[in-house]
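Novice: Below you'll find the structure I mean.
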Amino acid sequence: MSAIGQNLPMIDAEERVTGRINYALNVELPGMLHGKILRSPFPHARLKHIDSSLAERFRGVAAVLTRNDFAEASGYSGKYGRIFRDQSVVALDKVRFIGDPVAAVAALTNEIAEEALSLIRVDYEELPAVFDEHAALQAQAPLVHDPRPPQQAIFSNLIQDLPGGSNLCSHFKLRRGDVKAGFRQADFVFEDVFRSPAAQHVPLEPHVTVAELFQGKLTLWTSTQMPHAVRSQMAELLHLPLSRVRVIVETLGGGFGSKGSLRLEPIAAFL
């Protein structure tokens, strides 16, 4: 039957207007644990020592995740990134921004997880940091990544001219025609410097992930705009075939670009 000329309702219209539409935040599984993340208070610091023994023994704690879980013997690198592998599930050698995940806890309740975080002892060696792009590109600027993280092979032809020992992340060039001749022939040339402020995406639905590992299969209920990218990266992180990773997006409560990469998925899955 043709639908042309007919008014058809949205598939989930009734759920939306009655407030019954589902979000990842509403997912509850039997025996589900609660996760909390310990974050760095420093913009740049070396991790000298982490002691999570008290948190691990705390009543009601099921798991504590630190860099020790990504030691060479574990077989897991803990590193990921869509273009550069410049991110880690938890900090491995250094923290690189205020809020960088250092450790995580899974416990029976939010309160227990919060208390366990306070028992984790971290010894930081604070390092010089950079806070704007001009300072970051100076020759003697502290390097955020040293050496530069490996680049995913699929992007090798898109990003180029990246000098070593620099904070330069990417350099794109687009050239067509004789630009200098065009300027010479122009009746008017306007030059200025344009700056856009930092933006914080604030969707009504926060970043949220529920992970279930059952019989060697990982299922993620998560708030993401790119479920297939999340699926492929999580399969790589956990050394699983794609057929054993499933990503379910209920209803996305806003994203605006901030939910296009991995966020909570790696921590939830490894916990």
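As shown in the structure tokens, the chain order sets the letters A, B, ...; within each chain, residues go from 1, and ligands are also counted from 1 in the order they appear.
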Run DSSP on the backbone of this structure and report the residues of stretch 183-259 of chain A it assigns to helix (DSSP H, G or I), as a count of residues only.
Specialist: 17
Novice: Counting only C-alpha atoms, which residue out of A:Val130, A:Ala135, A:Ala24, A:Ala55 sits closest to A:Val105?
Specialist: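 So, comparing all the options, the nearest one is A:Ala55.
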Novice: Which residues, written as a list in words, have at least one atom at most 12 Å from A:Gln140, with only C-alpha atoms counted and residues fewer than 2 positions away on the same chain left out?
Specialist: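 The contact residues come out as Pro128, Ala129, Val130, His134, Ala135, Ala136, Leu137, Gln138, Pro142, Leu143, Gly165, Ser166 and Asn167 of chain A.
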Novice: Select, from A:Leu38, A:Leu237, A:Ala181, A:Leu242, the residue with the minimum atom-to-atom distance to A:Phe70, counting only C-alpha atoms.
Specialist: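 Ranking A:Leu38, A:Leu237, A:Ala181, A:Leu242 by distance to A:Phe70, first place goes to A:Leu237.
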